[in-house]
$ cat protein_20.cif   # mmCIF, C-alpha atoms
data_final
loop_
_atom_site.label_atom_id
_atom_site.label_comp_id
_atom_site.auth_asym_id
_atom_site.auth_seq_id
_atom_site.Cartn_x
_atom_site.Cartn_y
_atom_site.Cartn_z
CA MET Z 23 25.57 142.30 123.49
CA MET Z 24 25.35 138.99 125.22
CA LYS Z 25 26.65 137.26 122.09
CA TYR Z 26 29.64 139.61 122.05
CA LEU Z 27 30.41 138.98 125.73
CA ALA Z 28 30.23 135.26 125.11
CA LEU Z 29 32.94 135.59 122.52
CA VAL Z 30 35.22 137.49 124.91
CA SER Z 31 36.18 134.46 126.98
CA PRO Z 32 39.62 133.84 128.53
CA ARG Z 33 40.28 131.08 126.05
CA ASN Z 34 39.38 133.25 123.04
CA MET Z 35 41.45 136.13 124.40
CA ALA Z 36 44.48 133.85 124.71
CA THR Z 37 44.03 132.67 121.14
CA VAL Z 38 43.78 136.23 119.85
CA ALA Z 39 46.85 137.30 121.87
CA THR Z 40 48.83 134.35 120.57
CA GLY Z 41 47.87 135.11 117.00
CA ALA Z 42 48.73 138.78 117.38
CA GLY Z 43 52.08 137.90 118.94
CA ALA Z 44 52.88 135.52 116.12
CA ALA Z 45 51.94 138.14 113.56
CA PHE Z 46 54.17 140.69 115.30
CA LEU Z 47 57.12 138.29 115.38
CA LEU Z 48 56.60 137.41 111.74
CA ALA Z 49 56.51 141.09 110.76
CA LYS Z 50 59.62 141.77 112.82
CA THR Z 51 61.45 138.90 111.15
CA ILE Z 52 60.51 140.16 107.69
CA VAL Z 53 61.71 143.68 108.48
CA ALA Z 54 64.98 142.34 109.92
CA GLY Z 55 65.47 140.28 106.81
CA ILE Z 56 65.00 143.29 104.58
CA HIS Z 57 67.63 145.31 106.43
CA SER Z 58 70.15 142.49 106.86
CA PRO Z 59 72.88 141.75 104.27
CA PRO Z 60 72.22 138.94 101.83
CA TYR Z 61 72.98 135.46 103.12
CA THR Z 62 76.08 133.97 101.65
CA PRO Z 63 76.65 130.45 102.89
CA GLU Z 64 80.24 129.60 103.80
CA PRO Z 65 81.68 127.09 101.35
CA ILE Z 66 82.18 123.67 102.86
CA THR Z 67 85.86 122.81 102.40
CA LEU Z 68 87.26 119.32 102.14
CA ALA Z 69 89.21 119.93 105.34
CA LYS Z 70 85.99 120.85 107.19
CA LEU Z 71 84.25 117.76 105.90
CA ALA Z 72 87.22 115.67 106.98
CA LEU Z 73 87.11 117.14 110.49
CA GLU Z 74 83.38 116.55 110.74
CA ASP Z 75 83.86 113.01 109.51
CA GLN Z 76 86.48 112.35 112.20
CA THR Z 77 83.92 113.10 114.88
CA GLN Z 78 81.89 110.09 113.78
CA PRO Z 79 82.91 106.72 115.18
CA VAL Z 80 84.58 104.62 112.50
CA SER Z 81 84.26 100.87 112.62
CA ASP Z 82 86.72 98.50 110.96
CA SER Z 83 85.06 97.45 107.72
CA GLY Z 84 87.61 94.73 107.08
CA GLU Z 85 87.81 95.86 103.46
CA LEU Z 86 91.57 96.43 103.38
CA ARG Z 87 92.32 93.19 105.23
CA GLY Z 88 90.15 91.30 102.77
CA LEU Z 89 91.92 92.82 99.78
CA LEU Z 90 95.35 91.97 101.17
CA LYS Z 91 94.29 88.36 101.85
CA SER Z 92 93.00 87.97 98.33
CA LEU Z 93 96.17 89.38 96.71
CA SER Z 94 98.23 86.59 95.17
CA PRO Z 95 100.77 86.28 92.35
CA LYS Z 96 98.69 83.38 90.99
CA LEU Z 97 95.83 85.71 90.04
CA ASP Z 98 95.29 86.90 86.50
CA ASN Z 99 96.58 90.35 85.58
CA TYR Z 100 93.16 92.00 85.66
CA SER Z 101 92.47 90.74 89.20
CA LYS Z 102 95.91 91.83 90.42
CA ASN Z 103 95.37 95.27 88.95
CA MET Z 104 91.95 95.68 90.53
CA ILE Z 105 93.03 94.41 93.96
CA LEU Z 106 96.14 96.62 94.07
CA HIS Z 107 94.03 99.60 93.01
CA GLY Z 108 91.55 98.74 95.77
CA ILE Z 109 94.39 98.53 98.32
CA THR Z 110 95.63 101.98 97.29
CA ARG Z 111 92.15 103.44 97.64
CA SER Z 112 91.56 101.76 101.01
CA VAL Z 113 94.88 102.94 102.48
CA TYR Z 114 94.02 106.53 101.60
CA LEU Z 115 90.43 106.34 102.86
CA LEU Z 116 90.62 103.90 105.80
CA ASP Z 117 93.38 105.29 107.98
CA SER Z 118 92.71 103.07 111.00
CA GLU Z 119 92.69 99.92 108.89
CA ALA Z 120 95.87 100.99 107.10
CA SER Z 121 97.58 101.65 110.43
CA ALA Z 122 96.71 98.12 111.50
CA CYS Z 123 98.62 96.61 108.55
CA THR Z 124 101.90 94.81 109.14
CA TYR Z 125 105.34 94.80 107.59
CA GLU Z 126 104.40 91.51 105.91
CA ASP Z 127 101.53 93.29 104.19
CA LEU Z 128 103.97 95.91 102.95
CA LYS Z 129 106.33 93.21 101.61
CA LEU Z 130 103.44 91.51 99.83
CA VAL Z 131 102.49 94.71 98.02
CA ALA Z 132 106.13 95.53 97.22
CA SER Z 133 106.65 92.06 95.68
CA PHE Z 134 104.39 93.06 92.78
CA MET Z 135 107.01 95.56 91.61
CA ASP Z 136 108.69 92.43 90.18
CA ASP Z 137 105.65 91.46 88.15
CA PRO Z 138 106.44 91.28 84.41
CA ASP Z 139 103.33 93.30 83.57
CA VAL Z 140 104.12 97.03 83.56
CA SER Z 141 100.62 98.06 84.66
CA ILE Z 142 100.92 95.89 87.77
CA LYS Z 143 104.30 97.42 88.61
CA ILE Z 144 102.63 100.83 88.43
CA GLN Z 145 99.75 99.77 90.69
CA ALA Z 146 102.22 98.37 93.23
CA LEU Z 147 104.12 101.68 93.23
CA HIS Z 148 100.86 103.58 93.73
CA ALA Z 149 99.94 101.33 96.67
CA LEU Z 150 103.35 101.83 98.31
CA LYS Z 151 102.98 105.58 97.83
CA ALA Z 152 99.68 105.41 99.73
CA PHE Z 153 101.45 103.68 102.63
CA THR Z 154 103.92 106.60 102.94
CA GLY Z 155 101.09 108.50 104.64
CA ILE Z 156 101.15 105.99 107.52
CA TRP Z 157 103.77 107.15 109.99
CA LYS Z 158 104.85 103.72 111.24
CA PHE Z 159 105.81 102.66 107.71
CA LYS Z 160 108.05 105.66 106.94
CA ILE Z 161 111.22 103.79 107.96
CA LYS Z 162 110.15 100.38 106.71
CA LEU Z 163 109.50 101.70 103.21
CA GLN Z 164 113.14 102.81 102.94
CA GLU Z 165 114.10 99.14 102.60
CA PHE Z 166 112.47 99.07 99.17
CA VAL Z 167 114.36 102.10 97.78
CA PRO Z 168 116.95 100.02 95.86
CA ARG Z 169 114.22 97.95 94.21
CA ILE Z 170 112.18 101.07 93.37
CA LEU Z 171 115.25 102.64 91.75
CA GLU Z 172 115.84 99.53 89.66
CA VAL Z 173 112.23 99.45 88.48
CA ILE Z 174 112.43 103.12 87.45
CA THR Z 175 115.73 102.85 85.60
CA ASN Z 176 115.14 99.43 84.00
CA THR Z 177 111.69 100.22 82.60
CA TRP Z 178 111.39 102.98 80.03
CA ASP Z 179 107.77 103.83 80.66
CA SER Z 180 106.52 107.30 81.57
CA ASP Z 181 103.90 106.06 84.04
CA VAL Z 182 106.45 103.87 85.80
CA HIS Z 183 108.84 106.84 86.03
CA VAL Z 184 106.16 109.14 87.46
CA ALA Z 185 104.81 106.60 89.96
CA GLY Z 186 108.25 105.48 91.15
CA LEU Z 187 109.71 108.96 91.46
CA ARG Z 188 106.64 110.29 93.27
CA LEU Z 189 107.15 107.45 95.75
CA LEU Z 190 110.86 108.19 96.19
CA ASN Z 191 110.19 111.91 96.61
CA GLY Z 192 108.08 111.07 99.65
CA LEU Z 193 110.81 109.01 101.35
CA GLN Z 194 114.07 109.63 103.18
CA LEU Z 195 116.92 107.95 101.31
CA PRO Z 196 119.17 105.71 103.45
CA ASP Z 197 122.89 106.42 103.17
CA HIS Z 198 123.60 102.89 101.93
CA THR Z 199 121.66 103.64 98.73
CA HIS Z 200 124.10 106.38 97.68
CA VAL Z 201 126.45 103.90 95.98
CA LEU Z 202 123.58 102.64 93.83
CA LEU Z 203 122.44 106.19 93.11
CA LYS Z 204 125.89 107.08 91.77
CA LYS Z 205 125.66 104.20 89.30
CA LEU Z 206 122.14 105.13 88.23
CA MET Z 207 122.77 108.86 87.89
CA PRO Z 208 123.18 108.75 84.06
CA LEU Z 209 119.85 106.93 83.72
CA LEU Z 210 118.10 109.48 85.94
CA MET Z 211 119.62 112.24 83.81
CA ASP Z 212 118.23 110.51 80.70
CA ILE Z 213 114.73 110.68 82.18
CA LEU Z 214 115.26 114.39 82.79
CA GLN Z 215 116.32 115.00 79.21
CA MET Z 216 114.05 112.62 77.29
CA GLY Z 217 111.15 111.67 79.55
CA SER Z 218 107.60 113.02 79.51
CA THR Z 219 106.96 116.38 81.15
CA LEU Z 220 105.38 114.74 84.22
CA ALA Z 221 108.36 112.40 84.57
CA GLN Z 222 110.79 115.31 84.10
CA VAL Z 223 109.13 117.26 86.90
CA GLN Z 224 109.37 114.31 89.28
CA VAL Z 225 112.96 113.38 88.39
CA VAL Z 226 114.22 116.97 88.75
CA LYS Z 227 112.59 117.13 92.19
CA PHE Z 228 114.43 113.92 93.03
CA LEU Z 229 117.74 115.26 91.72
CA THR Z 230 117.25 118.44 93.74
CA MET Z 231 116.94 116.30 96.86
CA LEU Z 232 120.09 114.36 95.89
CA ALA Z 233 121.99 117.61 95.30
CA GLU Z 234 121.69 118.32 99.01
CA LYS Z 235 123.71 115.17 99.78
CA GLU Z 236 127.37 116.15 100.04
CA ASP Z 237 128.69 112.80 98.77
CA LEU Z 238 126.43 112.83 95.70
CA LEU Z 239 126.95 116.40 94.54
CA TYR Z 240 130.06 115.73 92.44
CA ASP Z 241 128.42 112.72 90.75
CA ILE Z 242 125.51 114.92 89.73
CA MET Z 243 127.82 117.71 88.55
CA ASN Z 244 130.04 115.37 86.52
CA CYS Z 245 127.17 113.42 84.98
CA GLN Z 246 127.24 113.49 81.17
CA VAL Z 247 124.40 115.37 79.50
CA HIS Z 248 123.35 116.00 75.91
CA GLN Z 249 124.70 119.00 74.03
CA ASP Z 250 121.22 120.50 73.89
CA PHE Z 251 120.62 120.15 77.64
CA LEU Z 252 119.90 123.88 78.00
CA ASN Z 253 116.92 123.49 75.68
CA LEU Z 254 115.10 122.36 78.82
CA PHE Z 255 115.13 126.01 79.86
CA GLN Z 256 113.17 127.24 76.86
CA PRO Z 257 110.27 129.58 77.83
CA SER Z 258 107.88 127.35 75.87
CA ARG Z 259 108.35 124.56 78.42
CA SER Z 260 105.84 123.86 81.16
CA GLY Z 261 106.02 126.49 83.91
CA ASN Z 262 106.04 123.75 86.55
CA LEU Z 263 109.03 122.08 84.92
CA LEU Z 264 110.91 125.37 84.51
CA PHE Z 265 110.36 126.26 88.15
CA GLU Z 266 111.67 122.88 89.37
CA LEU Z 267 114.67 123.11 87.02
CA LEU Z 268 115.53 126.54 88.39
CA VAL Z 269 115.26 125.27 91.96
CA PHE Z 270 117.61 122.44 90.97
CA VAL Z 271 120.15 124.87 89.52
CA GLU Z 272 119.91 127.02 92.63
CA ARG Z 273 120.73 124.01 94.82
CA LEU Z 274 123.70 123.19 92.62
CA CYS Z 275 124.91 126.81 92.88
CA GLU Z 276 124.72 126.61 96.66
CA GLY Z 277 126.41 123.22 96.82
CA ARG Z 278 129.38 124.07 94.61
CA LEU Z 279 130.21 127.14 96.71
CA THR Z 280 130.31 125.40 100.09
CA PRO Z 281 133.76 125.24 101.75
CA GLN Z 282 133.59 121.42 101.75
CA TYR Z 283 133.05 121.23 98.00
CA GLN Z 284 135.58 123.91 97.17
CA SER Z 285 138.23 122.23 99.30
CA VAL Z 286 138.68 119.65 96.52
CA HIS Z 287 139.97 120.44 93.04
CA TRP Z 288 137.32 118.61 91.01
CA GLN Z 289 137.85 117.58 87.41
CA TYR Z 290 134.80 117.59 85.12
CA ASN Z 291 134.13 115.91 81.81
CA GLU Z 292 133.68 118.17 78.80
CA LEU Z 293 129.94 117.55 78.50
CA SER Z 294 129.28 117.28 82.21
CA LEU Z 295 126.33 119.01 83.82
CA HIS Z 296 128.78 121.32 85.59
CA GLU Z 297 130.36 122.50 82.35
CA VAL Z 298 127.01 123.02 80.64
CA LEU Z 299 125.63 125.04 83.56
CA PHE Z 300 128.68 126.73 85.08
CA GLY Z 301 131.55 126.24 82.64
CA GLU Z 302 133.42 129.00 80.86
CA HIS Z 303 131.41 128.53 77.65
CA SER Z 304 128.01 128.01 79.30
CA HIS Z 305 125.01 129.83 77.84
CA LEU Z 306 122.91 129.41 80.97
CA ALA Z 307 122.79 133.18 81.54
CA ASP Z 308 121.07 133.71 78.19
CA ASN Z 309 118.39 131.20 79.10
CA LEU Z 310 117.87 132.78 82.51
CA LEU Z 311 117.36 136.19 80.95
CA SER Z 312 114.65 134.82 78.68
CA LEU Z 313 112.89 133.36 81.74
CA ILE Z 314 112.83 136.68 83.61
CA ILE Z 315 110.01 137.72 81.30
CA HIS Z 316 108.19 134.38 81.55
CA PRO Z 317 104.41 134.82 81.97
CA GLU Z 318 104.39 132.82 85.24
CA GLU Z 319 105.55 134.88 88.22
CA GLU Z 320 107.07 132.00 90.17
CA VAL Z 321 109.33 131.24 87.19
CA GLN Z 322 110.36 134.92 86.95
CA ILE Z 323 111.23 135.07 90.64
CA GLN Z 324 113.13 131.78 90.64
CA ALA Z 325 115.11 132.87 87.58
CA CYS Z 326 116.12 136.03 89.45
CA ARG Z 327 117.15 133.96 92.45
CA VAL Z 328 119.44 131.84 90.28
CA ILE Z 329 120.96 134.96 88.72
CA LEU Z 330 121.76 136.25 92.19
CA LYS Z 331 123.29 132.90 93.16
CA LEU Z 332 125.51 133.09 90.10
CA GLN Z 333 126.87 136.38 91.46
CA LEU Z 334 128.40 134.54 94.40
CA ASN Z 335 132.15 134.78 94.47
CA GLU Z 336 134.52 131.85 94.73
CA ASP Z 337 134.66 132.14 98.52
CA GLY Z 338 130.94 131.59 98.76
CA GLU Z 339 130.25 135.09 100.02
CA ILE Z 340 127.58 137.13 98.29
CA ILE Z 341 128.53 140.51 96.87
CA GLY Z 342 127.80 143.28 99.34
CA ALA Z 343 124.08 144.02 99.70
CA HIS Z 344 124.59 147.62 98.59
CA ASN Z 345 126.16 146.37 95.35
CA THR Z 346 123.77 143.54 94.58
CA ASP Z 347 121.12 145.63 92.85
CA ASP Z 348 123.76 147.47 90.77
CA THR Z 349 125.38 144.19 89.76
CA LEU Z 350 122.13 142.61 88.72
CA GLY Z 351 121.03 145.85 87.09
CA SER Z 352 124.12 146.06 84.92
CA PHE Z 353 123.75 142.37 84.14
CA LEU Z 354 120.23 143.02 82.89
CA ASP Z 355 121.19 146.24 81.10
CA ASP Z 356 123.83 144.38 79.11
CA ALA Z 357 121.12 141.99 77.93
CA GLY Z 358 118.73 144.80 77.03
CA ILE Z 359 116.31 144.25 79.95
CA GLY Z 360 115.46 147.25 82.08
CA ARG Z 361 116.01 147.44 85.83
CA PRO Z 362 112.49 148.36 86.96
CA PHE Z 363 111.15 144.89 86.19
CA ALA Z 364 114.02 143.13 87.94
CA GLU Z 365 113.80 145.39 90.96
CA SER Z 366 110.04 144.94 91.32
CA THR Z 367 110.45 141.17 91.07
CA LEU Z 368 113.32 140.89 93.48
CA ILE Z 369 112.12 143.27 96.17
CA SER Z 370 109.20 141.01 97.04
CA GLU Z 371 111.11 137.74 97.08
CA CYS Z 372 114.87 137.75 96.85
#

$ encode --input "protein_20.cif" --output "structure tokens"
Amino acid sequence: MMKYLALVSPRNMATVATGAGAAFLLAKTIVAGIHSPPYTPEPITLAKLALEDQTQPVSDSGELRGLLKSLSPKLDNYSKNMILHGITRSVYLLDSEASACTYEDLKLVASFMDDPDVSIKIQALHALKAFTGIWKFKIKLQEFVPRILEVITNTWDSDVHVAGLRLLNGLQLPDHTHVLLKKLMPLLMDILQMGSTLAQVQVVKFLTMLAEKEDLLYDIMNCQVHQDFLNLFQPSRSGNLLFELLVFVERLCEGRLTPQYQSVHWQYNELSLHEVLFGEHSHLADNLLSLIIHPEEEVQIQACRVILKLQLNEDGEIIGAHNTDDTLGSFLDDAGIGRPFAESTLISEC
């Protein structure tokens, strides 16, 4: 009995109570876990990582400044390539260091567009594209638009076309470049018709932007194209390319029906883009009908949008809303395509 009483001391009681409490909490946790839904961790997105990274103080590594100082036309081609690639990477990753760059740095990088080596031209275009993400250089980069256009149109290389056009598509075009653009329009149209798919996508985006410029619209419309131009609208083409082509045609439809454009009696060449797309003997409608059943939904919808734009009358006013479905329906019926598909496609988008 005395041995038992000796064991029941305040210290031993506290130990026992603590152990019992821990056991109770452990059991409670296990039971709660059994009844709770399974844990599904939230995926960590790149945006979240970027936000978390911004909370950390960033010191100037000097990497970008060092690369710019080492860049020289006297270097061998391999070194120029590697340094320009490093500059591109640093501008994207080191925002504060890129923002600290000067206009002279921009001119230095741009000077390598004149390098005789095509791969170095491409790297220079990539680096300039990276600088478009820096707000203070948005205006300054416009000064290089004429030179970028010359590089694109004087060098028949798919990678040059893609890099240069991606750069131009991220810039505002100064009005003074419109004269040059009119001269280069046939060469841009050649890239659209004969370039690689990636280059075609970029050049049609560029032409779509130009189609919104009132003083360039006629030059685009009257530009000579190949007889098989409408082959670009074949369903077998890349869905991305077809979508951009259809957006381009939609912009042209809108532009040609504006009061400003219709106020002039324009004359078009026989094989002009206007005649191929909108002329009396155009087969564009046949191509559009084949795209309404394209497997990619965005192509289907955009094809329907163009069909509706083609229903615009000469005054630029759309046929009454109550007649639009009937007009499109009869248009599709004549081609052997039922209305339900067109209606289901258009209700959601057009």

$ resolve_selection --input "protein_20.cif" --expression "the PyMOL selection byres ((chain Z and resi 133) around 12)" --output "ChimeraX atom specification"
/Z:93-95,102,106,126-132,134-138,142-143,145-147,149-150,166,169-170,173

$ resolve_selection --input "protein_20.cif" --expression "the PyMOL selection byres ((chain Z and resi 242-248) around 8)" --output "MDAnalysis selection string"
chainID Z and resid 207:208 211:212 215 233 238:241 249:251 274 290:291 293:296

$ write_last_selection --input "protein_20.cif" --atoms "C-alpha atoms" --output "mmCIF file, in the coordinates of the input"
data_model
loop_
_atom_site.group_PDB
_atom_site.id
_atom_site.type_symbol
_atom_site.label_atom_id
_atom_site.label_comp_id
_atom_site.auth_asym_id
_atom_site.auth_seq_id
_atom_site.Cartn_x
_atom_site.Cartn_y
_atom_site.Cartn_z
ATOM 1 C CA MET Z 207 122.770 108.860 87.890
ATOM 2 C CA PRO Z 208 123.180 108.750 84.060
ATOM 3 C CA MET Z 211 119.620 112.240 83.810
ATOM 4 C CA ASP Z 212 118.230 110.510 80.700
ATOM 5 C CA GLN Z 215 116.320 115.000 79.210
ATOM 6 C CA ALA Z 233 121.990 117.610 95.300
ATOM 7 C CA LEU Z 238 126.430 112.830 95.700
ATOM 8 C CA LEU Z 239 126.950 116.400 94.540
ATOM 9 C CA TYR Z 240 130.060 115.730 92.440
ATOM 10 C CA ASP Z 241 128.420 112.720 90.750
ATOM 11 C CA GLN Z 249 124.700 119.000 74.030
ATOM 12 C CA ASP Z 250 121.220 120.500 73.890
ATOM 13 C CA PHE Z 251 120.620 120.150 77.640
ATOM 14 C CA LEU Z 274 123.700 123.190 92.620
ATOM 15 C CA TYR Z 290 134.800 117.590 85.120
ATOM 16 C CA ASN Z 291 134.130 115.910 81.810
ATOM 17 C CA LEU Z 293 129.940 117.550 78.500
ATOM 18 C CA SER Z 294 129.280 117.280 82.210
ATOM 19 C CA LEU Z 295 126.330 119.010 83.820
ATOM 20 C CA HIS Z 296 128.780 121.320 85.590
#

$ atom_distance --input "protein_20.cif" --atom1 "atom CA of Z:Thr110" --atom2 "atom CA of Z:Ala152"
5.8 Å

$ closest_residue --input "protein_20.cif" --among "Z:Glu319, Z:Glu234, Z:Asp117, Z:Asp308" --to "Z:Leu252" --atoms "all atoms listed in the file"
Z:Asp308

$ atom_distance --input "protein_20.cif" --atom1 "atom CA of Z:Leu203" --atom2 "atom CA of Z:Leu171"
8.1 Å

$ axis_aligned_box --input "protein_20.cif" --around "stretch 168-175 of chain Z" --padding-each-side "8 Å" --output "AutoDock Vina command-line options"
--center_x 114.6 --center_y 100.5 --center_z 90.7 --size_x 20.8 --size_y 21.2 --size_z 26.3

$ closest_residue --input "protein_20.cif" --among "Z:Gln324, Z:Thr199, Z:Asn262, Z:Asn253" --to "Z:Leu220" --atoms "only C-alpha atoms"
Z:Asn262

$ resolve_selection --input "protein_20.cif" --expression "the PyMOL selection byres ((chain Z and resi 256) around 10)" --output "list in words"
Leu252, Asn253, Leu254, Phe255, Pro257, Ser258, Arg259, Ser260, Leu264, Asn309, Leu310, Ser312, Leu313 and His316 of chain Z
